[in-house]
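Text of coords31.cif, listed as mmCIF, C-alpha atoms:
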data_start
loop_
_atom_site.label_atom_id
_atom_site.label_comp_id
_atom_site.auth_asym_id
_atom_site.auth_seq_id
_atom_site.Cartn_x
_atom_site.Cartn_y
_atom_site.Cartn_z
CA MET A 15 93.29 97.94 110.72
CA GLU A 16 90.66 95.81 109.08
CA THR A 17 91.72 92.32 108.02
CA ARG A 18 89.60 90.19 105.73
CA ILE A 19 90.07 86.61 104.66
CA ALA A 20 88.38 85.95 101.35
CA ARG A 21 88.46 83.90 98.19
CA PHE A 22 90.08 85.80 95.33
CA ASP A 23 87.25 87.80 93.78
CA LYS A 24 87.78 90.39 91.04
CA ALA A 25 84.92 92.57 92.27
CA LEU A 26 86.28 92.64 95.83
CA VAL A 27 89.80 93.42 94.62
CA ARG A 28 88.54 96.18 92.32
CA GLN A 29 86.39 97.75 95.03
CA ALA A 30 89.30 97.80 97.50
CA ILE A 31 91.71 99.22 94.91
CA LEU A 32 89.28 101.97 93.93
CA ARG A 33 88.61 102.85 97.58
CA GLU A 34 92.34 103.30 98.16
CA LEU A 35 92.90 105.23 94.93
CA ASN A 36 89.95 107.52 95.70
CA ARG A 37 91.60 108.55 98.95
CA ASP A 38 94.89 109.09 97.09
CA GLY A 39 96.53 106.04 98.63
CA GLN A 40 98.64 103.17 97.36
CA ILE A 41 98.36 99.40 97.43
CA TYR A 42 100.68 96.44 97.94
CA PHE A 43 99.75 93.24 96.12
CA VAL A 44 101.96 90.46 97.46
CA HIS A 45 102.52 87.38 95.34
CA ASN A 46 105.49 85.34 96.48
CA ARG A 47 106.37 83.42 93.32
CA VAL A 48 108.65 85.16 90.85
CA HIS A 49 107.97 82.78 87.95
CA ASP A 50 104.41 84.07 87.45
CA ILE A 51 104.48 87.49 89.13
CA HIS A 52 104.14 89.25 85.76
CA GLU A 53 100.98 87.23 85.01
CA VAL A 54 99.55 88.25 88.38
CA ALA A 55 100.46 91.90 87.72
CA HIS A 56 98.70 91.66 84.35
CA ARG A 57 95.61 90.22 86.06
CA VAL A 58 95.61 93.08 88.59
CA GLN A 59 96.00 95.58 85.73
CA GLU A 60 92.95 94.07 84.01
CA ILE A 61 90.95 94.41 87.24
CA ALA A 62 92.01 98.05 87.70
CA PRO A 63 93.10 99.45 84.34
CA GLU A 64 93.20 102.99 85.76
CA ALA A 65 95.98 102.04 88.20
CA LYS A 66 99.69 102.32 87.48
CA ILE A 67 101.56 99.17 88.49
CA ALA A 68 105.18 98.48 89.41
CA ILE A 69 106.71 95.06 90.05
CA ALA A 70 109.38 94.27 92.65
CA HIS A 71 111.09 90.98 93.45
CA GLY A 72 114.46 89.72 94.57
CA GLN A 73 115.53 88.31 91.20
CA GLN A 74 115.56 91.76 89.61
CA THR A 75 118.86 93.53 89.22
CA PRO A 76 119.55 96.00 92.02
CA ASP A 77 118.88 98.86 89.57
CA GLU A 78 115.53 97.39 88.47
CA LEU A 79 114.45 96.81 92.05
CA GLU A 80 115.51 100.30 93.08
CA ALA A 81 113.64 101.83 90.12
CA ALA A 82 110.43 99.96 91.03
CA MET A 83 110.63 100.96 94.69
CA LEU A 84 111.48 104.59 93.89
CA ALA A 85 108.55 104.77 91.45
CA PHE A 86 106.25 103.54 94.21
CA VAL A 87 107.68 105.93 96.81
CA ALA A 88 107.34 108.83 94.34
CA LYS A 89 103.70 107.84 93.69
CA LYS A 90 104.44 107.12 90.03
CA ALA A 91 102.88 103.71 90.70
CA ASP A 92 99.61 103.09 92.53
CA ILE A 93 100.09 99.37 93.09
CA LEU A 94 103.29 97.53 93.88
CA VAL A 95 103.01 93.88 92.90
CA ALA A 96 105.81 92.32 94.89
CA THR A 97 107.16 89.28 96.63
CA THR A 98 107.72 89.28 100.38
CA ILE A 99 110.76 91.44 99.68
CA ILE A 100 108.60 94.29 100.97
CA GLU A 101 108.84 92.84 104.50
CA SER A 102 112.15 94.62 104.95
CA GLY A 103 111.41 97.52 102.65
CA LEU A 104 110.85 101.20 102.99
CA ASP A 105 108.22 102.67 105.26
CA ILE A 106 105.55 104.01 102.89
CA PRO A 107 102.83 105.72 104.95
CA ASN A 108 100.67 106.29 101.86
CA ALA A 109 100.27 102.51 101.31
CA ASN A 110 97.24 101.55 103.39
CA THR A 111 95.86 98.52 101.57
CA ILE A 112 97.60 95.19 101.13
CA PHE A 113 96.47 92.09 99.30
CA ILE A 114 98.29 88.87 100.18
CA HIS A 115 97.63 86.54 97.26
CA GLU A 116 97.38 82.84 98.09
CA ALA A 117 97.66 83.67 101.79
CA ASN A 118 97.30 80.00 102.69
CA ARG A 119 100.90 79.51 101.46
CA TYR A 120 102.30 81.70 104.26
CA GLY A 121 102.92 81.09 107.93
CA LEU A 122 101.25 83.19 110.61
CA ALA A 123 104.45 85.12 111.36
CA ASP A 124 104.84 86.01 107.67
CA LEU A 125 101.22 87.16 107.43
CA HIS A 126 101.59 89.28 110.56
CA GLN A 127 104.80 90.86 109.24
CA LEU A 128 103.24 91.65 105.85
CA ARG A 129 100.09 93.03 107.43
CA GLY A 130 102.30 95.41 109.36
CA ARG A 131 103.44 97.10 106.14
CA VAL A 132 100.18 99.08 106.03
CA GLY A 133 98.45 101.30 108.53
CA ARG A 134 101.32 103.68 109.19
CA ASP A 135 99.32 106.81 108.45
CA LYS A 136 96.10 108.47 109.61
CA HIS A 137 93.95 106.50 107.14
CA ARG A 138 92.33 103.21 108.05
CA ALA A 139 94.36 100.27 106.77
CA TYR A 140 93.01 97.19 105.05
CA ALA A 141 94.62 93.77 104.70
CA TYR A 142 93.07 91.16 102.40
CA LEU A 143 94.27 87.61 102.86
CA LEU A 144 93.22 86.03 99.57
CA TRP A 145 93.04 82.39 98.69
CA THR A 146 92.16 80.61 95.48
CA ALA A 147 90.68 77.19 94.91
CA SER A 148 93.74 76.15 92.89
CA ALA A 149 96.09 77.16 95.73
CA ALA A 150 94.09 75.40 98.46
#

With the file now loaded, output its structure as structure tokens.
Amino acid sequence: METRIARFDKALVRQAILRELNRDGQIYFVHNRVHDIHEVAHRVQEIAPEAKIAIAHGQQTPDELEAAMLAFVAKKADILVATTIIESGLDIPNANTIFIHEANRYGLADLHQLRGRVGRDKHRAYAYLLWTASAA
């Protein structure tokens, strides 16, 4: 497991996404505020237009949430933009990269738990703890 703490940088995010996609893996992008999660998903889509994105959060209906998670499990989505709802989610061995957006908003226990969602397969896992100037 490689963990990096970095300022949000489009080039870094794109490079990490492409590395994971090139090895046929999947990515979690954690953003823990529902009110702007669609904006964040749009931003990620602009950074990696070749990736298929699903969104999961606790304010979705159970059917919507299940559909998003099943799409990710079935590899119909490359990136799951989600809240910390993934902490208690399915074990997805193919997801080996996680971005934790605005990581400075989380406690150490939360970061450790989220980081543990990746690295469950033979591939090296990567965790990016991202911060932005506006969130600092």

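One finds atom CA of A:Ile106 at 10.0 Å from atom CA of A:Ala88.
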
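Relative to atom CA of A:Asn118, atom CA of A:Arg18 is found at 13.1 Å.
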
Practice task
Name the residues that the PyMOL selection byres ((chain A and resi 21) around 7) picks from the file above, as a ChimeraX atom specification, using the file's chain letters and numbers.
Solution key: /A:20,22-23,144-146

Pull the closest atom pair for each residue of stretch 55-112 of chain A that gets at most 8 Å from stretch 47-51 of chain A, along with the distance in Å to one decimal, counting all atoms listed in the file, ordering rows by chain and then ascending residue number, as a Markdown table.
| residue | atom | partner | partner_atom | distance |
| --- | --- | --- | --- | --- |
| A:Ala55 | CA | A:Ile51 | CA | 6.1 |
| A:Ile69 | CA | A:Ile51 | CA | 7.9 |
| A:His71 | CA | A:Val48 | CA | 6.8 |
| A:Gln73 | CA | A:Val48 | CA | 7.6 |
| A:Val95 | CA | A:Ile51 | CA | 7.6 |
| A:Ala96 | CA | A:Ile51 | CA | 7.6 |
| A:Thr97 | CA | A:Arg47 | CA | 6.8 |

Exercise for the section: To verify the selection step, state as a count of residues only which residues the PyMOL selection byres ((chain A and resi 24) around 10) yields on this input. Expected result: 14

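The closest residue to A:Gln40, picked from A:Ile99, A:Val87, A:Ala109, A:Ala70 and counting only C-alpha atoms, is A:Ala109.
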
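Minimum distance to A:Ala81 across A:Leu94, A:Ile114, A:Asn108, A:Val54 (counting all atoms listed in the file) occurs at A:Leu94.
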